[in-house]
file query_28.txt (compact mmCIF, C-alpha atoms)
# COMPACT_ATOMS: atom_id res chain seq x y z
CA MET T 1 -126.61 104.25 82.48
CA ASN T 2 -124.58 102.58 85.16
CA PRO T 3 -120.83 103.11 84.51
CA GLU T 4 -120.06 99.94 86.47
CA TYR T 5 -121.77 97.90 83.73
CA ASP T 6 -120.84 100.02 80.71
CA GLN T 7 -118.17 98.35 78.64
CA PRO T 8 -116.21 99.48 75.63
CA ALA T 9 -117.55 98.37 72.26
CA HIS T 10 -115.49 95.20 72.60
CA GLY T 11 -114.60 94.78 76.27
CA LEU T 12 -114.99 91.02 76.69
CA ARG T 13 -112.14 89.20 75.02
CA SER T 14 -111.40 85.59 74.28
CA ALA T 15 -107.99 84.21 75.18
CA TYR T 16 -107.59 83.47 71.46
CA GLU T 17 -108.35 86.84 69.91
CA GLY T 18 -105.55 87.85 67.59
CA GLN T 19 -104.31 84.27 67.19
CA GLN T 20 -104.47 82.85 63.69
CA SER T 21 -105.56 79.36 62.80
CA GLN T 22 -102.81 76.96 61.86
CA ALA T 23 -103.09 75.15 58.54
CA PHE T 24 -105.37 72.13 58.99
CA ASP T 25 -103.52 68.93 58.07
CA LEU T 26 -106.08 66.54 56.56
CA THR T 27 -103.74 63.59 57.21
CA ALA T 28 -102.80 64.32 60.84
CA PRO T 29 -104.28 62.17 63.61
CA ILE T 30 -107.13 63.83 65.53
CA ALA T 31 -107.15 63.43 69.31
CA THR T 32 -110.29 62.18 71.04
CA PRO T 33 -111.13 64.31 72.89
CA LEU T 34 -109.34 67.40 71.65
CA GLU T 35 -107.26 69.19 74.30
CA LEU T 36 -106.81 72.71 72.99
CA HIS T 37 -107.18 75.05 75.98
CA GLN T 38 -105.56 75.43 79.40
CA CYS T 39 -105.64 78.34 81.82
CA ARG T 40 -105.49 79.32 85.50
CA VAL T 41 -108.36 80.78 87.52
CA LYS T 42 -107.95 84.57 87.46
CA GLN T 43 -108.73 86.98 90.30
CA GLU T 44 -111.57 88.58 88.30
CA TRP T 45 -113.25 85.16 87.99
CA VAL T 46 -113.49 84.64 91.78
CA ASP T 47 -116.78 85.61 93.47
CA TYR T 48 -117.95 86.38 97.01
CA ASN T 49 -117.91 82.63 97.83
CA LYS T 50 -114.15 82.68 97.15
CA HIS T 51 -114.36 80.27 94.21
CA MET T 52 -114.79 80.65 90.45
CA SER T 53 -118.14 82.27 89.69
CA GLU T 54 -120.63 80.25 87.63
CA SER T 55 -120.59 82.75 84.75
CA CYS T 56 -116.83 82.36 84.48
CA TYR T 57 -117.15 78.62 83.90
CA LEU T 58 -119.09 79.54 80.75
CA PHE T 59 -116.44 82.12 79.85
CA VAL T 60 -113.74 79.41 80.06
CA PHE T 61 -115.87 77.00 78.00
CA GLY T 62 -116.23 79.84 75.47
CA ASP T 63 -112.45 80.12 75.24
CA ASN T 64 -112.36 76.35 74.67
CA SER T 65 -114.83 76.80 71.80
CA ASP T 66 -112.66 79.58 70.37
CA ALA T 67 -109.64 77.28 70.47
CA PHE T 68 -111.71 74.65 68.63
CA PHE T 69 -112.85 77.16 66.00
CA ARG T 70 -109.23 78.07 65.30
CA TYR T 71 -108.33 74.38 65.16
CA PHE T 72 -110.61 73.83 62.17
CA GLY T 73 -110.11 77.23 60.54
CA ILE T 74 -112.24 80.05 61.95
CA ASP T 75 -110.14 82.87 63.37
CA ASP T 76 -110.27 86.69 63.45
CA HIS T 77 -109.32 86.98 59.75
CA TYR T 78 -112.01 84.48 58.80
CA ARG T 79 -114.64 86.37 60.86
CA ALA T 80 -113.60 89.62 59.16
CA ARG T 81 -115.05 88.07 55.98
CA GLY T 82 -118.46 88.16 57.71
CA TYR T 83 -118.87 84.63 59.08
CA SER T 84 -118.74 83.31 62.62
CA ILE T 85 -120.24 80.72 64.96
CA TYR T 86 -122.90 81.64 67.51
CA THR T 87 -124.13 79.55 70.43
CA LEU T 88 -127.80 78.56 70.33
CA GLU T 89 -128.05 76.54 73.54
CA THR T 90 -125.86 75.59 76.50
CA HIS T 91 -126.35 73.08 79.30
CA MET T 92 -123.70 73.29 82.00
CA ARG T 93 -123.05 71.05 85.01
CA HIS T 94 -120.82 71.91 87.99
CA PHE T 95 -119.18 69.10 89.97
CA HIS T 96 -116.46 70.73 92.08
CA GLU T 97 -115.50 74.26 92.98
CA VAL T 98 -112.18 75.69 91.90
CA GLN T 99 -110.10 78.39 93.60
CA LEU T 100 -107.97 81.34 92.54
CA GLY T 101 -104.83 80.33 90.64
CA GLU T 102 -105.77 76.70 90.16
CA PRO T 103 -104.86 75.23 86.76
CA LEU T 104 -107.61 74.15 84.35
CA ARG T 105 -107.42 71.74 81.41
CA LEU T 106 -110.28 71.64 78.91
CA THR T 107 -111.35 68.94 76.46
CA LEU T 108 -113.84 69.05 73.62
CA ARG T 109 -115.70 66.41 71.63
CA LEU T 110 -117.61 67.04 68.41
CA ILE T 111 -120.71 64.92 69.07
CA ALA T 112 -122.57 65.73 65.85
CA TRP T 113 -122.72 68.30 63.07
CA ASP T 114 -124.72 69.14 60.00
CA HIS T 115 -124.29 71.75 57.27
CA LYS T 116 -125.12 74.63 59.70
CA ARG T 117 -124.74 73.37 63.28
CA LEU T 118 -122.28 71.86 65.74
CA HIS T 119 -123.08 69.81 68.83
CA VAL T 120 -120.06 69.92 71.14
CA PHE T 121 -119.31 68.58 74.61
CA HIS T 122 -116.75 70.29 76.87
CA GLU T 123 -115.17 68.94 80.04
CA MET T 124 -113.15 71.03 82.49
CA TYR T 125 -110.56 69.25 84.63
CA HIS T 126 -108.19 70.33 87.36
CA ALA T 127 -104.93 70.25 85.39
CA THR T 128 -102.84 68.63 88.16
CA SER T 129 -105.27 66.38 90.05
CA GLY T 130 -107.28 65.36 86.97
CA LYS T 131 -110.56 65.88 88.86
CA LEU T 132 -113.55 66.62 86.62
CA LEU T 133 -114.80 70.08 87.66
CA ALA T 134 -117.56 70.88 85.16
CA ALA T 135 -119.04 69.92 81.81
CA ALA T 136 -120.96 71.86 79.18
CA GLU T 137 -122.93 70.72 76.17
CA GLN T 138 -123.59 73.25 73.41
CA LEU T 139 -125.44 73.62 70.15
CA GLN T 140 -123.75 76.18 67.92
CA THR T 141 -124.54 77.51 64.46
CA TYR T 142 -122.52 78.93 61.58
CA VAL T 143 -123.72 82.48 60.84
CA ASP T 144 -123.50 84.93 57.96
CA MET T 145 -123.14 88.05 60.09
CA ARG T 146 -124.08 90.38 57.22
CA SER T 147 -127.58 88.88 57.01
CA ALA T 148 -127.68 87.78 60.70
CA ARG T 149 -128.86 84.34 59.56
CA ALA T 150 -127.58 80.80 59.83
CA ALA T 151 -125.57 79.71 56.80
CA SER T 152 -124.03 76.51 55.50
CA PHE T 153 -120.41 75.75 56.33
CA PRO T 154 -118.25 76.07 53.20
CA ASP T 155 -116.92 72.82 51.73
CA GLU T 156 -113.42 73.10 53.22
CA LEU T 157 -114.81 73.47 56.75
CA GLN T 158 -117.30 70.63 56.16
CA GLN T 159 -114.40 68.38 55.15
CA ARG T 160 -112.49 69.23 58.34
CA LEU T 161 -115.56 68.81 60.57
CA ASP T 162 -116.26 65.44 58.97
CA LEU T 163 -112.72 64.27 59.80
CA ILE T 164 -113.01 65.49 63.40
CA HIS T 165 -116.43 63.91 63.87
CA THR T 166 -115.28 60.60 62.38
CA ALA T 167 -112.41 60.49 64.89
CA HIS T 168 -114.67 61.44 67.81
CA ALA T 169 -117.57 59.14 66.86
CA ASN T 170 -115.59 56.00 67.73
CA ALA T 171 -115.26 56.88 71.43
CA PRO T 172 -117.98 56.13 73.99
CA LEU T 173 -120.39 59.03 74.50
CA PRO T 174 -119.53 61.30 77.44
CA ALA T 175 -121.40 60.78 80.71
CA GLY T 176 -124.21 63.28 81.08
CA LEU T 177 -124.67 63.88 77.35
CA GLY T 178 -128.23 64.99 76.65
CA ARG T 179 -129.09 65.23 80.33
CA VAL T 180 -132.10 67.35 81.21
CA ILE T 181 -132.75 69.38 84.34
CA ALA T 182 -135.28 67.81 86.69
CA ILE T 183 -135.85 67.39 90.41
CA GLY T 184 -137.76 64.16 89.95
CA ARG T 185 -141.35 63.24 90.67
CA ALA T 186 -140.80 62.04 94.24
CA ASN T 187 -139.46 65.46 95.28
CA THR T 188 -141.97 67.75 93.58
CA ARG T 189 -144.62 69.63 95.53
CA SER T 190 -148.26 69.71 94.51
call {"tool": "encode", "arguments": {"input": "query_28.txt", "output": "structure tokens"}}
result
Amino acid sequence: MNPEYDQPAHGLRSAYEGQQSQAFDLTAPIATPLELHQCRVKQEWVDYNKHMSESCYLFVFGDNSDAFFRYFGIDDHYRARGYSIYTLETHMRHFHEVQLGEPLRLTLRLIAWDHKRLHVFHEMYHATSGKLLAAAEQLQTYVDMRSARAASFPDELQQRLDLIHTAHANAPLPAGLGRVIAIGRANTRS
């Protein structure tokens, strides 16, 4: 084993661990997009190119997801009951590099959902200039951790997700949604 890569049983932590969900107000307006997470680029996120490493973009998008989960009711206490949300697929796009200490502002849109899955779209902005830095699209699933299988969201979470989706469905779809990776026919080699 390589001690450099060995981590404690729970070494990687979300910015939101230990924070409880607030009561979800069924009558409160829902922002489109949601803006639930902000942070600054940390030293440990900067790579040998002197900008935020690509894996750390995903880490920050993960914190944005955790903020969203708490927004609609899934926090540490909820997960202790044996249910969580796992990511099935991620597509990430990088537009601009970001340096140590720079402020980040994240948004999230709930594009679609069904009784087991969420389709979310994240955007990462420079918090002062407003420049779009990166975007990530994810498919996530609700999981019964005791059986390690996808499960149906309980009714109270379905009601909240329906309200969020209804608010988000009225806005134009984000640019790049559903984009696939391709070089294009003209540039491929035989």
call {"tool": "residues_near_point", "arguments": {"input": "query_28.txt", "point": "(-107.4, 81.2, 65.0)", "cutoff": "8 Å", "atoms": "all atoms listed in the file", "output": "MDAnalysis selection string"}}
result
chainID T and resid 16:22 66:67 69:71 73:76
call {"tool": "atom_distance", "arguments": {"input": "query_28.txt", "atom1": "CA of Arg109 in chain T", "atom2": "CA of Lys42 in chain T"}}
result
25.3 Å
call {"tool": "atom_distance", "arguments": {"input": "query_28.txt", "atom1": "CA of Glu35 in chain T", "atom2": "CA of Thr90 in chain T"}}
result
19.8 Å
call {"tool": "closest_residue", "arguments": {"input": "query_28.txt", "among": "T:Lys131, T:Arg117, T:Arg40, T:Arg160", "to": "Gly101 in chain T", "atoms": "all atoms listed in the file"}}
result
T:Arg40
call {"tool": "residues_near_point", "arguments": {"input": "query_28.txt", "point": "(-110.6, 69.3, 55.6)", "cutoff": "7 Å", "atoms": "only C-alpha atoms", "output": "list in words"}}
result
Phe24, Leu26, Glu156, Leu157, Gln158, Gln159, Arg160 and Leu163 of chain T
call {"tool": "atom_distance", "arguments": {"input": "query_28.txt", "atom1": "CA of Gly176 in chain T", "atom2": "CA of Gln38 in chain T"}}
result
22.3 Å
call {"tool": "closest_residue", "arguments": {"input": "query_28.txt", "among": "T:Leu118, T:Tyr142, T:Val41, T:Glu137", "to": "Pro103 in chain T", "atoms": "all atoms listed in the file"}}
result
T:Val41
call {"tool": "residues_around", "arguments": {"input": "query_28.txt", "residues": "Ser84 in chain T", "least_positions_apart": "6", "cutoff": "7 Å", "atoms": "all atoms listed in the file", "output": "PyMOL selection string"}}
result
chain T and resi 142-145
call {"tool": "closest_residue", "arguments": {"input": "query_28.txt", "among": "T:Ser147, T:Thr107, T:Ser152, T:Gln138", "to": "Asn64 in chain T", "atoms": "all atoms listed in the file"}}
result
T:Thr107
call {"tool": "closest_residue", "arguments": {"input": "query_28.txt", "among": "T:Leu173, T:Leu58, T:Ala148, T:Leu104", "to": "Leu36 in chain T", "atoms": "all atoms listed in the file"}}
result
T:Leu104
call {"tool": "residues_around", "arguments": {"input": "query_28.txt", "residues": "Gln99 in chain T", "least_positions_apart": "2", "cutoff": "8 Å", "atoms": "only C-alpha atoms", "output": "PyMOL selection string"}}
result
chain T and resi 41+46+50-52+97+101-102
call {"tool": "write_last_selection", "arguments": {"input": "query_28.txt", "atoms": "C-alpha atoms", "output": "mmCIF file, keeping the file's coordinate frame"}}
result
data_model
loop_
_atom_site.group_PDB
_atom_site.id
_atom_site.type_symbol
_atom_site.label_atom_id
_atom_site.label_comp_id
_atom_site.auth_asym_id
_atom_site.auth_seq_id
_atom_site.Cartn_x
_atom_site.Cartn_y
_atom_site.Cartn_z
ATOM 1 C CA VAL T 41 -108.360 80.780 87.520
ATOM 2 C CA VAL T 46 -113.490 84.640 91.780
ATOM 3 C CA LYS T 50 -114.150 82.680 97.150
ATOM 4 C CA HIS T 51 -114.360 80.270 94.210
ATOM 5 C CA MET T 52 -114.790 80.650 90.450
ATOM 6 C CA GLU T 97 -115.500 74.260 92.980
ATOM 7 C CA GLY T 101 -104.830 80.330 90.640
ATOM 8 C CA GLU T 102 -105.770 76.700 90.160
#
call {"tool": "closest_residue", "arguments": {"input": "query_28.txt", "among": "T:Cys39, T:Leu108, T:Ala167, T:Leu88", "to": "Thr128 in chain T", "atoms": "only C-alpha atoms"}}
result
T:Cys39
call {"tool": "residues_around", "arguments": {"input": "query_28.txt", "residues": "Leu110 in chain T", "least_positions_apart": "4", "cutoff": "8 Å", "atoms": "only C-alpha atoms", "output": "number ranges by chain"}}
result
T: 118-121, 164-165, 168
call {"tool": "write_last_selection", "arguments": {"input": "query_28.txt", "atoms": "C-alpha atoms", "output": "short mmCIF file (atom, residue, chain, number, x, y, z; two decimals), in the frame of the given file"}}
result
data_model
loop_
_atom_site.label_atom_id
_atom_site.label_comp_id
_atom_site.auth_asym_id
_atom_site.auth_seq_id
_atom_site.Cartn_x
_atom_site.Cartn_y
_atom_site.Cartn_z
CA LEU T 118 -122.28 71.86 65.74
CA HIS T 119 -123.08 69.81 68.83
CA VAL T 120 -120.06 69.92 71.14
CA PHE T 121 -119.31 68.58 74.61
CA ILE T 164 -113.01 65.49 63.40
CA HIS T 165 -116.43 63.91 63.87
CA HIS T 168 -114.67 61.44 67.81
#
call {"tool": "closest_residue", "arguments": {"input": "query_28.txt", "among": "T:His115, T:Arg13, T:Arg81, T:His96", "to": "Arg146 in chain T", "atoms": "only C-alpha atoms"}}
result
T:Arg81
